[in-house]
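What's in coords_0.txt: compact mmCIF, C-alpha atoms and all ligand atoms
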# COMPACT_ATOMS: atom_id res chain seq x y z
CA MET A 38 10.75 22.33 -38.05
CA THR A 39 10.80 19.87 -35.12
CA THR A 40 7.59 18.20 -36.31
CA THR A 41 9.39 17.53 -39.59
CA ILE A 42 12.20 15.71 -37.77
CA TYR A 43 9.69 13.40 -36.09
CA GLN A 44 7.88 12.83 -39.38
CA ASP A 45 11.17 12.02 -41.09
CA ILE A 46 12.04 9.43 -38.44
CA LYS A 47 8.60 7.83 -38.74
CA GLU A 48 8.89 7.80 -42.52
CA SER A 49 12.27 6.07 -42.50
CA LEU A 50 10.98 3.57 -39.92
CA ARG A 51 8.02 2.90 -42.21
CA ARG A 52 10.27 2.28 -45.23
CA LEU A 53 12.45 -0.10 -43.23
CA TYR A 54 9.37 -1.87 -41.87
CA LEU A 55 7.88 -2.49 -45.31
CA GLU A 56 11.19 -3.41 -46.93
CA ASP A 57 11.35 -7.05 -45.83
CA GLU A 58 10.14 -9.59 -43.30
CA ARG A 59 13.09 -9.47 -40.92
CA PRO A 60 11.67 -9.31 -37.39
CA TRP A 61 12.27 -6.27 -35.23
CA LEU A 62 13.34 -6.12 -31.63
CA VAL A 63 12.90 -2.89 -29.71
CA GLY A 64 14.92 -2.17 -26.57
CA PHE A 65 12.70 -0.59 -23.92
CA SER A 66 13.87 0.53 -20.48
CA GLY A 67 10.95 2.72 -19.47
CA GLY A 68 13.10 5.87 -19.70
CA LYS A 69 12.36 8.83 -21.96
CA ASP A 70 14.49 7.79 -24.97
CA SER A 71 13.17 4.28 -25.32
CA THR A 72 9.61 5.47 -24.56
CA MET A 73 9.89 7.86 -27.48
CA LEU A 74 11.30 5.12 -29.69
CA ALA A 75 8.50 2.69 -28.80
CA SER A 76 5.93 5.43 -29.30
CA LEU A 77 7.24 6.20 -32.81
CA ILE A 78 7.20 2.51 -33.71
CA PHE A 79 3.66 1.91 -32.38
CA ASP A 80 2.42 4.97 -34.27
CA MET A 81 4.13 3.88 -37.45
CA VAL A 82 2.62 0.35 -37.30
CA LEU A 83 -0.82 1.81 -36.49
CA SER A 84 -0.59 3.93 -39.63
CA ILE A 85 -0.22 0.82 -41.81
CA SER A 86 -3.32 -1.16 -42.72
CA PRO A 87 -3.56 -4.50 -40.83
CA ASP A 88 -3.22 -6.65 -43.97
CA LYS A 89 0.11 -5.00 -44.82
CA ARG A 90 1.92 -5.58 -41.53
CA PRO A 91 4.62 -8.00 -42.62
CA LYS A 92 6.66 -8.66 -39.53
CA PRO A 93 6.63 -9.52 -35.84
CA ILE A 94 7.98 -6.92 -33.44
CA SER A 95 9.21 -7.74 -29.93
CA ILE A 96 9.51 -5.11 -27.23
CA VAL A 97 12.41 -6.21 -25.03
CA CYS A 98 12.80 -4.88 -21.51
CA THR A 99 15.18 -6.09 -18.79
CA ASP A 100 14.58 -6.23 -15.07
CA THR A 101 17.74 -7.00 -13.09
CA ARG A 102 15.62 -8.09 -10.07
CA VAL A 103 17.21 -5.23 -8.11
CA GLU A 104 15.62 -2.32 -9.96
CA ILE A 105 14.32 0.73 -8.08
CA PRO A 106 10.74 -0.18 -7.02
CA ALA A 107 9.08 2.99 -8.42
CA ILE A 108 10.66 2.32 -11.82
CA VAL A 109 9.56 -1.33 -11.82
CA GLU A 110 5.98 -0.29 -11.08
CA MET A 111 5.96 2.29 -13.87
CA VAL A 112 7.61 -0.01 -16.43
CA GLU A 113 5.31 -2.95 -15.68
CA GLY A 114 2.27 -0.67 -16.05
CA THR A 115 3.49 0.61 -19.42
CA LEU A 116 4.29 -2.88 -20.73
CA GLU A 117 0.79 -4.03 -19.85
CA LYS A 118 -0.74 -1.10 -21.76
CA MET A 119 1.48 -1.83 -24.77
CA ARG A 120 0.39 -5.49 -24.71
CA LYS A 121 -3.30 -4.54 -24.68
CA CYS A 122 -2.86 -1.97 -27.43
CA SER A 123 -1.12 -4.49 -29.68
CA GLU A 124 -3.85 -7.09 -29.10
CA GLU A 125 -6.69 -4.65 -29.69
CA HIS A 126 -5.23 -3.31 -32.94
CA GLY A 127 -3.55 -6.47 -34.26
CA LEU A 128 -0.12 -4.81 -34.36
CA GLY A 129 1.90 -8.03 -34.10
CA ILE A 130 3.93 -6.52 -31.25
CA ASP A 131 4.78 -8.82 -28.35
CA VAL A 132 6.08 -7.51 -25.06
CA ASN A 133 8.83 -9.24 -23.09
CA LEU A 134 10.20 -8.52 -19.64
CA LEU A 135 13.51 -10.37 -19.34
CA LYS A 136 15.21 -11.19 -16.04
CA PRO A 137 18.57 -12.84 -15.39
CA PRO A 138 18.26 -16.49 -14.32
CA SER A 139 18.47 -17.02 -10.55
CA GLU A 140 22.05 -18.39 -10.92
CA GLN A 141 23.14 -14.96 -12.18
CA SER A 142 21.09 -12.74 -9.89
CA PHE A 143 22.77 -9.97 -7.90
CA TRP A 144 22.26 -11.80 -4.59
CA VAL A 145 23.41 -15.21 -5.79
CA ASN A 146 26.60 -13.61 -7.11
CA ILE A 147 27.26 -11.56 -3.98
CA ILE A 148 25.90 -13.65 -1.11
CA GLY A 149 26.29 -17.03 -2.84
CA ARG A 150 29.52 -16.80 -4.85
CA GLY A 151 30.95 -14.05 -2.66
CA TYR A 152 31.64 -11.59 -5.50
CA PRO A 153 32.47 -8.18 -4.09
CA PRO A 154 29.77 -5.59 -4.87
CA PRO A 155 30.65 -4.25 -8.34
CA ASN A 156 32.89 -1.25 -8.99
CA ARG A 157 34.25 0.40 -12.14
CA THR A 158 37.03 -2.14 -12.62
CA PHE A 159 35.09 -5.26 -11.66
CA ARG A 160 31.69 -4.48 -13.11
CA TRP A 161 30.48 -8.05 -13.39
CA CYS A 162 26.80 -7.14 -13.11
CA THR A 163 25.89 -5.51 -16.44
CA GLN A 164 26.89 -8.48 -18.57
CA ARG A 165 25.19 -11.04 -16.36
CA MET A 166 22.05 -9.15 -15.42
CA LYS A 167 21.33 -7.01 -18.47
CA ILE A 168 23.26 -8.01 -21.58
CA ASP A 169 23.10 -11.82 -21.38
CA PRO A 170 19.30 -12.07 -20.94
CA VAL A 171 18.82 -9.84 -24.02
CA ASN A 172 21.41 -11.75 -26.07
CA VAL A 173 19.79 -15.09 -25.23
CA PHE A 174 16.39 -13.73 -26.24
CA VAL A 175 17.70 -12.14 -29.43
CA GLN A 176 19.53 -15.31 -30.43
CA GLN A 177 16.35 -17.33 -30.00
CA ARG A 178 14.51 -14.92 -32.28
CA VAL A 179 17.33 -14.84 -34.82
CA GLY A 180 17.55 -18.64 -34.73
CA HIS A 181 13.97 -18.73 -35.89
CA TRP A 182 14.20 -16.00 -38.55
CA GLY A 183 17.82 -15.94 -39.70
CA GLU A 184 18.33 -12.20 -39.14
CA ALA A 185 16.80 -9.45 -37.04
CA ILE A 186 16.91 -5.69 -36.57
CA LEU A 187 17.35 -4.34 -33.07
CA HIS A 188 16.12 -0.76 -32.52
CA LEU A 189 17.63 1.17 -29.64
CA GLY A 190 16.88 4.60 -28.19
CA ALA A 191 20.57 5.59 -27.89
CA ARG A 192 21.38 9.22 -28.67
CA ARG A 193 24.72 10.84 -29.39
CA SER A 194 24.04 13.87 -27.18
CA GLU A 195 23.49 11.61 -24.18
CA SER A 196 27.20 11.14 -23.51
CA SER A 197 30.45 11.77 -25.30
CA THR A 198 31.48 8.11 -24.89
CA ARG A 199 28.28 7.02 -26.55
CA ALA A 200 28.75 9.55 -29.36
CA GLN A 201 32.26 8.23 -29.97
CA THR A 202 31.11 4.60 -29.94
CA MET A 203 28.28 5.34 -32.36
CA ALA A 204 30.46 7.40 -34.66
CA GLY A 205 33.13 4.70 -34.64
CA ILE A 206 30.94 1.91 -36.03
CA GLU A 207 30.24 2.02 -39.71
CA ALA A 208 26.55 2.12 -40.60
CA ARG A 209 24.97 0.65 -43.74
CA ASN A 210 21.52 2.01 -44.65
CA GLY A 211 21.37 3.36 -41.13
CA LEU A 212 22.06 -0.10 -39.64
CA ARG A 213 25.19 -1.18 -37.76
CA ARG A 214 26.37 -4.66 -37.03
CA HIS A 215 25.68 -5.81 -33.48
CA PRO A 216 29.05 -6.07 -31.68
CA ASP A 217 28.45 -9.66 -30.50
CA LEU A 218 25.57 -11.10 -32.53
CA PRO A 219 26.59 -11.44 -36.19
CA ARG A 220 23.13 -11.69 -37.74
CA VAL A 221 21.66 -8.81 -35.82
CA TRP A 222 21.57 -5.27 -37.19
CA VAL A 223 21.29 -2.34 -34.83
CA SER A 224 19.27 0.76 -35.66
CA ASN A 225 19.26 4.00 -33.65
CA PRO A 226 16.34 6.01 -35.07
CA ILE A 227 16.62 8.91 -32.58
CA GLU A 228 20.42 9.03 -32.63
CA PHE A 229 20.63 12.74 -33.54
CA LEU A 230 17.81 14.14 -31.38
CA SER A 231 18.57 16.41 -28.44
CA THR A 232 17.15 15.87 -24.95
CA GLU A 233 14.84 18.86 -25.47
CA GLU A 234 13.47 17.36 -28.68
CA VAL A 235 12.77 14.08 -26.92
CA TRP A 236 10.85 15.77 -24.08
CA ALA A 237 9.01 18.05 -26.51
CA TYR A 238 7.73 14.98 -28.35
CA LEU A 239 6.81 13.07 -25.21
CA LEU A 240 5.02 15.94 -23.51
CA GLN A 241 3.06 17.15 -26.52
CA LYS A 242 1.75 13.81 -27.57
CA LEU A 243 -0.26 11.04 -25.93
CA ASN A 244 1.23 7.57 -26.03
CA PRO A 245 -0.27 5.32 -28.70
CA TRP A 246 -0.92 2.73 -25.96
CA GLY A 247 -2.77 5.33 -23.85
CA GLY A 248 -1.88 7.90 -21.22
CA ASP A 249 0.58 10.75 -21.31
CA ASN A 250 4.17 11.07 -20.12
CA ARG A 251 3.71 13.56 -17.31
CA SER A 252 4.32 10.92 -14.63
CA LEU A 253 7.49 9.89 -16.47
CA TYR A 254 8.57 13.54 -16.50
CA ARG A 255 7.84 13.84 -12.77
CA LEU A 256 9.88 10.72 -12.09
CA TYR A 257 12.81 12.25 -13.95
CA ALA A 258 12.36 15.53 -12.11
CA ASN A 259 12.27 13.69 -8.78
CA ALA A 260 15.27 11.58 -9.56
CA SER A 261 16.97 14.47 -11.42
CA SER A 262 18.43 11.75 -13.49
CA GLY A 263 18.80 10.12 -16.89
CA GLU A 264 17.72 6.71 -18.03
CA CYS A 265 19.62 3.44 -17.87
CA PRO A 266 19.25 2.36 -21.47
CA ILE A 267 18.99 -1.21 -22.57
CA GLN A 268 22.59 -2.36 -22.87
CA ILE A 269 24.07 -4.43 -25.64
CA ASP A 270 27.73 -4.11 -24.68
CA THR A 271 29.88 -2.91 -21.80
CA SER A 272 31.56 -0.06 -23.72
CA THR A 273 29.13 2.50 -22.33
CA PRO A 274 29.66 3.91 -18.83
CA SER A 275 27.92 2.29 -15.89
CA CYS A 276 24.19 2.42 -16.29
CA GLY A 277 24.07 3.44 -12.66
CA SER A 278 25.84 6.74 -13.28
CA SER A 279 23.20 9.45 -12.72
CA ARG A 280 20.62 7.16 -14.19
CA PHE A 281 17.82 4.88 -13.14
CA GLY A 282 19.70 1.71 -12.39
CA CYS A 283 19.69 -0.91 -9.68
CA TRP A 284 19.05 0.39 -6.17
CA THR A 285 22.03 -1.77 -5.13
CA CYS A 286 24.42 -0.10 -7.59
CA THR A 287 27.86 0.36 -6.02
CA VAL A 288 29.50 1.34 -9.32
CA VAL A 289 28.48 4.95 -8.79
CA ASP A 290 29.67 7.06 -5.88
CA ARG A 291 26.20 8.39 -5.21
CA ASP A 292 22.89 6.97 -6.36
CA LYS A 293 21.20 10.23 -7.24
CA ALA A 294 18.07 8.58 -8.59
CA SER A 295 17.36 6.78 -5.29
CA GLU A 296 18.18 9.89 -3.27
CA GLY A 297 15.94 12.03 -5.48
CA LEU A 298 13.03 9.62 -5.10
CA LEU A 299 13.45 9.59 -1.33
CA ALA A 300 13.50 13.39 -1.27
CA ALA A 301 10.29 13.35 -3.32
CA GLY A 302 8.59 11.20 -0.69
CA ASP A 303 9.24 7.57 -1.67
CA GLU A 304 10.02 6.35 1.84
CA ARG A 305 10.89 2.82 0.71
CA MET A 306 14.12 4.25 -0.62
CA GLU A 307 15.47 5.16 2.82
CA LYS A 308 16.24 1.59 3.90
CA LEU A 309 17.36 0.62 0.42
CA ILE A 310 19.87 3.48 0.35
CA GLU A 311 21.16 2.39 3.78
CA PHE A 312 21.64 -1.15 2.48
CA ARG A 313 23.60 0.15 -0.50
CA GLU A 314 25.93 1.87 1.99
CA THR A 315 26.33 -1.50 3.74
CA LEU A 316 27.35 -3.07 0.42
CA LEU A 317 29.99 -0.36 -0.05
CA PHE A 318 31.33 -1.11 3.44
CA TYR A 319 31.53 -4.85 2.72
CA ARG A 320 33.34 -4.23 -0.56
CA ASP A 321 36.19 -2.30 1.09
CA PRO A 322 38.96 -4.83 1.97
CA ALA A 323 39.99 -2.60 4.89
CA ASN A 324 36.81 -3.62 6.73
CA GLY A 325 37.76 -7.30 7.02
CA LYS A 326 34.83 -8.68 5.08
CA ARG A 327 36.91 -10.06 2.18
CA ASP A 328 39.14 -13.10 1.94
CA GLY A 329 42.85 -12.25 1.78
CA ARG A 330 43.27 -14.41 -1.32
CA ARG A 331 41.58 -14.49 -4.71
CA MET A 332 39.91 -17.64 -6.03
CA ASN A 333 42.95 -18.26 -8.27
CA GLY A 334 45.23 -18.22 -5.23
CA ASP A 335 46.72 -14.71 -5.81
CA GLU A 336 47.50 -12.72 -2.69
CA ALA A 337 44.95 -9.91 -3.22
CA PRO A 338 41.51 -9.09 -1.81
CA GLY A 339 39.29 -11.99 -2.79
CA PRO A 340 35.63 -12.95 -2.35
CA LEU A 341 33.51 -11.98 0.62
CA THR A 342 34.15 -14.32 3.54
CA ILE A 343 31.47 -16.84 4.42
CA ALA A 344 30.85 -14.94 7.66
CA ALA A 345 30.32 -11.71 5.70
CA ARG A 346 27.91 -13.44 3.34
CA ARG A 347 25.92 -14.76 6.28
CA GLU A 348 25.73 -11.26 7.76
CA LEU A 349 24.57 -9.81 4.46
CA LEU A 350 21.87 -12.44 4.06
CA THR A 351 20.60 -11.78 7.57
CA ARG A 352 20.47 -8.04 6.85
CA LEU A 353 18.81 -8.56 3.48
CA LEU A 354 16.03 -10.74 4.92
CA LYS A 355 15.50 -8.14 7.63
CA LEU A 356 15.30 -5.43 4.98
CA GLN A 357 12.76 -7.50 3.08
CA GLU A 358 10.63 -7.74 6.20
CA GLU A 359 10.93 -4.04 7.00
CA THR A 360 10.11 -2.78 3.51
CA GLY A 361 7.55 -5.42 2.53
CA LEU A 362 9.32 -5.64 -0.84
CA ASN A 363 10.08 -8.95 -2.48
CA LEU A 364 13.87 -8.77 -2.56
CA ILE A 365 15.10 -12.37 -2.78
CA SER A 366 13.37 -15.53 -4.01
CA GLU A 367 13.38 -19.08 -2.58
CA ASP A 368 15.24 -20.20 -5.70
CA GLU A 369 18.03 -17.76 -4.98
CA LEU A 370 18.20 -18.92 -1.35
CA PHE A 371 18.66 -22.54 -2.41
CA LEU A 372 21.38 -21.56 -4.89
CA ILE A 373 23.17 -19.54 -2.21
CA GLN A 374 23.10 -22.62 0.00
CA GLN A 375 24.81 -24.61 -2.77
CA PHE A 376 27.53 -21.99 -3.19
CA TRP A 377 28.24 -21.84 0.51
CA LYS A 378 29.06 -25.52 0.41
CA THR A 379 31.82 -24.89 -2.13
CA ALA A 380 33.33 -21.86 -0.45
CA ARG A 381 36.93 -21.88 0.82
CA LYS A 382 35.72 -22.28 4.39
CA PRO A 383 32.52 -24.13 3.52
CA ASP A 384 29.20 -24.15 5.26
CA ASP A 385 27.07 -27.29 5.34
CA GLY A 386 23.99 -25.37 4.26
CA GLY A 387 22.44 -25.67 7.70
CA ARG A 388 23.48 -22.11 8.57
CA LEU A 389 21.43 -20.69 5.71
CA GLY A 390 18.41 -22.66 6.87
CA ARG A 391 18.83 -21.28 10.38
CA ILE A 392 19.18 -17.70 9.13
CA VAL A 393 16.06 -18.06 6.99
CA SER A 394 14.07 -19.77 9.75
CA ARG A 395 15.02 -17.06 12.21
CA GLN A 396 14.17 -14.21 9.84
CA LYS A 397 11.19 -15.59 8.00
CA GLY A 398 9.85 -18.14 10.47
CA ILE A 399 9.82 -20.94 7.86
CA VAL A 400 11.75 -24.20 7.68
CA MET A 401 13.85 -24.29 4.55
CA SER A 402 14.60 -27.90 3.95
CA ASP A 403 14.53 -31.42 5.20
CA TRP A 404 17.60 -31.33 7.42
CA LYS A 405 17.24 -34.98 8.38
CA GLU A 406 17.95 -36.00 4.81
CA ILE A 407 20.89 -33.62 4.68
CA ASN A 408 22.34 -35.19 7.84
CA GLN A 409 22.20 -38.67 6.31
CA VAL A 410 24.08 -37.43 3.24
CA ARG A 411 26.63 -35.76 5.51
CA ASP A 412 27.29 -39.05 7.35
CA LEU A 413 27.87 -40.79 4.06
CA GLN A 414 30.25 -38.06 2.91
CA GLU A 415 32.25 -38.37 6.14
CA GLU A 416 32.67 -42.11 5.51
CA VAL A 417 33.77 -41.70 1.89
CA ALA A 418 36.17 -38.87 2.79
CA ALA A 419 37.82 -40.96 5.51
CA GLU A 420 38.19 -43.86 3.07
CA LYS A 421 39.80 -41.61 0.41
CA GLY A 422 42.04 -39.71 2.81
CA VAL A 423 40.62 -36.22 2.18
CA ARG A 424 38.79 -33.90 4.53
CA ALA A 425 34.99 -34.20 4.45
CA ASP A 426 34.74 -30.45 3.82
CA THR A 427 36.99 -30.82 0.79
CA LEU A 428 34.91 -33.69 -0.55
CA ARG A 429 31.76 -31.60 -0.15
CA ARG A 430 33.34 -28.71 -1.97
CA LEU A 431 34.38 -30.99 -4.82
CA LEU A 432 30.91 -32.52 -5.08
CA ALA A 433 29.15 -29.17 -4.93
CA ARG A 434 31.45 -27.78 -7.62
CA VAL A 435 30.68 -30.72 -9.91
CA ASP A 436 26.96 -30.20 -9.21
CA GLU A 437 27.26 -26.56 -10.07
CA TYR A 438 28.93 -27.32 -13.41
CA SER A 439 26.50 -30.06 -14.33
CA GLU A 440 23.56 -27.75 -13.61
CA SER A 441 24.93 -25.24 -16.10
CA HIS A 442 25.78 -28.03 -18.61
CA ARG A 443 29.41 -27.04 -19.00
CA ALA A 444 32.73 -28.57 -18.08
CA PHE A 445 35.20 -25.90 -19.19
CA GLY A 446 37.19 -24.78 -16.14
CA LEU A 447 36.01 -27.64 -13.93
CA PRO A 448 39.41 -29.47 -13.70
CA ASP A 449 41.13 -26.21 -12.64
CA ASP A 450 38.46 -25.49 -10.06
CA LEU A 451 38.75 -29.01 -8.63
CA LEU A 452 42.53 -28.70 -8.55
CA ASN A 453 42.28 -25.40 -6.65
CA ILE A 454 40.02 -27.03 -4.07
CA LEU A 455 42.52 -29.88 -3.64
CA LYS A 456 45.37 -27.37 -3.32
CA ASP A 457 43.41 -25.60 -0.60
CA ASP A 458 43.05 -28.94 1.14
CA LEU A 459 46.83 -29.48 1.08
CA ASP A 460 47.43 -25.92 2.32
CA HIS A 461 44.98 -26.53 5.12
CA GLU A 462 46.71 -29.76 6.10
CA ALA A 463 50.12 -28.05 6.01
CA GLU A 464 48.74 -25.19 8.17
CA SER A 465 47.29 -27.64 10.72
CA LYS A 466 50.56 -29.58 10.89
CA GLY A 467 52.46 -26.30 11.33
CA ASN A 468 50.16 -25.26 14.16
CA ALA A 469 50.48 -28.66 15.79
S1 LIG B 1 22.85 -0.23 -12.45
FE1 LIG B 1 24.84 -0.61 -11.48
S2 LIG B 1 24.52 -2.62 -10.44
FE2 LIG B 1 22.87 -2.42 -11.96
S3 LIG B 1 23.68 -3.47 -13.78
FE3 LIG B 1 24.13 -1.25 -14.01
S4 LIG B 1 26.22 -1.02 -13.18
FE4 LIG B 1 25.45 -2.98 -12.47
Would you encode the structure as structure tokens?
Amino acid sequence: MTTTIYQDIKESLRRLYLEDERPWLVGFSGGKDSTMLASLIFDMVLSISPDKRPKPISIVCTDTRVEIPAIVEMVEGTLEKMRKCSEEHGLGIDVNLLKPPSEQSFWVNIIGRGYPPPNRTFRWCTQRMKIDPVNVFVQQRVGHWGEAILHLGARRSESSTRAQTMAGIEARNGLRRHPDLPRVWVSNPIEFLSTEEVWAYLLQKLNPWGGDNRSLYRLYANASSGECPIQIDTSTPSCGSSRFGCWTCTVVDRDKASEGLLAAGDERMEKLIEFRETLLFYRDPANGKRDGRRMNGDEAPGPLTIAARRELLTRLLKLQEETGLNLISEDELFLIQQFWKTARKPDDGGRLGRIVSRQKGIVMSDWKEINQVRDLQEEVAAEKGVRADTLRRLLARVDEYSESHRAFGLPDDLLNILKDDLDHEAESKGNA
């Protein structure tokens, strides 16, 4: 009976594959559902003779740069095997590991921009670190081909929210419109399978790219968890909820996956779990780590203070040293330096250099050059009647916008900085 279900799915995948030349994209997270999906697709393509394989297929996997180390290692190993298998058999399947750009990394947003660690109401991370990299990739592919089909391993039995979302979108020939990308069609081949059916398939069968799924099963058993599927919209609950997500995830109350891995002997998780607790502490406005005002001027808990960001960076670099894991890149450090210059109580960038030099024993930049620029800024600021700090914030904000090639929102941001300058002057006069 069950074998028939798997055969039926493969058969309908085969029909869809041979129907036209629209390229396929396959979401892969390394979890059980997407592993099963990729396995079905590899098998189906292998069953078709090489001269009748009409279309390119892209495996798409995201790495937020703050994924749990054991998961990263497993996923990278699997992707490499898939790549080799496709090359050896001429399957036309390319494998892509997508990461958010440094400007949108977890650390640049938290330590650079001062965003509070995410929670259920301000879950800024999923869009920036998971959805956007996939959308950019998909759009590039669609731009080339006109239309594409995106296969996902989502299942209705996985969560009631997901079941409702899937049931609520009308499907045509088994394909639904992508919520944000108009020329992309979404397919969920294993939509109606139960968890037991997924494991039965994975444990009875070797992967087409080699190896079995016992280590994947052990990882699930250790983390007593579910998978964080590839995300295409934010309507699904946090991917950190009882799933493999980021080790930094503060959206969930407890990170069961990290705790499970630690209990199973992955000692690296101990320090990472402690750091996650630190992030929770810094997020709570009661602990004095947040500005009393939002960026738009509202009287409500705002970004992390510059002092808090400095503390977090110091702790993060220490964690990096203690664990031997690569947690933050040079690129991210330079971007953080830029953001500190535009903060409400700005930092000249020298502080970051000192923190890095102290922690890593390397010199970050040519400070002499920076000092010359600072002198020039002081002169111009005096001439224009604004504070040098304000001028630096204005310049850094313009830099930031020009780097991302956009101007929308810039005038408001500049105005807010100037308002801050007036407030500051009024405060100083009041104190005097
Ligand atoms: S796992 Fe948590 S931190 Fe990572 S993207 Fe999902 S919600 Fe955000």
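Relative to atom FE4 of ligand LIG 1 (chain B), atom CA of Val288 of chain A is found at 6.7 Å.
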Select from segment 142-174 of chain A every residue with an atom at most 12 Å from any atom of segment 94-98 of chain A, then for each give the shortest pair of atoms and their distance in Å to one decimal, using only C-alpha atoms, rows by chain and rising number, as a tab-separated table.
residue	atom	partner	partner_atom	distance
A:Met166	CA	A:Cys98	CA	11.9
A:Lys167	CA	A:Cys98	CA	9.3
A:Ile168	CA	A:Cys98	CA	10.9
A:Pro170	CA	A:Cys98	CA	9.7
A:Val171	CA	A:Val97	CA	7.4
A:Asn172	CA	A:Val97	CA	10.6
A:Val173	CA	A:Val97	CA	11.5
A:Phe174	CA	A:Val97	CA	8.6
Given the selection you just returned, output its residues as a file containing C-alpha atoms, formatted as a PDB file, keeping the file's coordinate frame.
ATOM      1  CA  MET A 166      22.050  -9.150 -15.420  1.00  0.00           C
ATOM      2  CA  LYS A 167      21.330  -7.010 -18.470  1.00  0.00           C
ATOM      3  CA  ILE A 168      23.260  -8.010 -21.580  1.00  0.00           C
ATOM      4  CA  PRO A 170      19.300 -12.070 -20.940  1.00  0.00           C
ATOM      5  CA  VAL A 171      18.820  -9.840 -24.020  1.00  0.00           C
ATOM      6  CA  ASN A 172      21.410 -11.750 -26.070  1.00  0.00           C
ATOM      7  CA  VAL A 173      19.790 -15.090 -25.230  1.00  0.00           C
ATOM      8  CA  PHE A 174      16.390 -13.730 -26.240  1.00  0.00           C
TER       9      PHE A 174
END
- [ ] Please identify every polymer residue within 7 Å of ligand LIG 1 (chain B), using only C-alpha atoms and all ligand atoms, and present the set as an MDAnalysis selection string.
- [x] chainID A and resid 101 155 160 162:163 166:167 275:277 282:283 285:288
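Nearest to Ser194 of chain A of all the residues A:Gly422, A:Ser231, A:Glu304, A:Lys382 is A:Ser231, based on only C-alpha atoms.
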Open item on the list: Need the shell around segment 332-338 of chain A: protein/DNA/RNA residues with any atom at most 12 Å away, counting all atoms listed in the file. Skip same-chain ones fewer than 4 positions apart. Format as a PyMOL selection string?
Closed with: chain A and resi 150-153+319-328+342+379-381+446+449-454+456-457+460
Task: Shell of 7 Å around segment 74-91 of chain A, only C-alpha atoms, local chain residues under 2 positions omitted, as a ChimeraX atom specification - done: /A:47,51,55,58,70-72,127-128,190,244-245
Tell me, counting all atoms listed in the file, for each residue of segment 201-257 of chain A within 10 Å of segment 179-185 of chain A, which pair of atoms is nearest and how far apart they are in Å to one decimal, in rows ordered by chain and increasing number, as a Markdown table.
| residue | atom | partner | partner_atom | distance |
| --- | --- | --- | --- | --- |
| A:Leu218 | CA | A:Val179 | CA | 9.3 |
| A:Pro219 | CA | A:Glu184 | CA | 8.8 |
| A:Arg220 | CA | A:Glu184 | CA | 5.0 |
| A:Val221 | CA | A:Ala185 | CA | 5.1 |
| A:Trp222 | CA | A:Ala185 | CA | 6.3 |
| A:Val223 | CA | A:Ala185 | CA | 8.7 |
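Atom pair atom CA of Ser139 of chain A / atom CA of Trp161 of chain A: separated by 15.3 Å.
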Please report, as CSV, each residue of segment 128-208 of chain A lying at most 8 Å from segment 367-376 of chain A, together with the nearest pair of atoms and the separation in Å rounded to one decimal; use all atoms listed in the file, and order rows by chain and ascending residue number.
residue,atom,partner,partner_atom,distance
A:Ser139,CA,A:Glu369,CA,5.6
A:Glu140,CA,A:Leu372,CA,6.8
A:Ser142,CA,A:Glu369,CA,7.7
A:Trp144,CA,A:Glu369,CA,7.3
A:Val145,CA,A:Ile373,CA,5.6
A:Ile148,CA,A:Ile373,CA,6.6
A:Gly149,CA,A:Ile373,CA,4.1
A:Arg150,CA,A:Phe376,CA,5.8
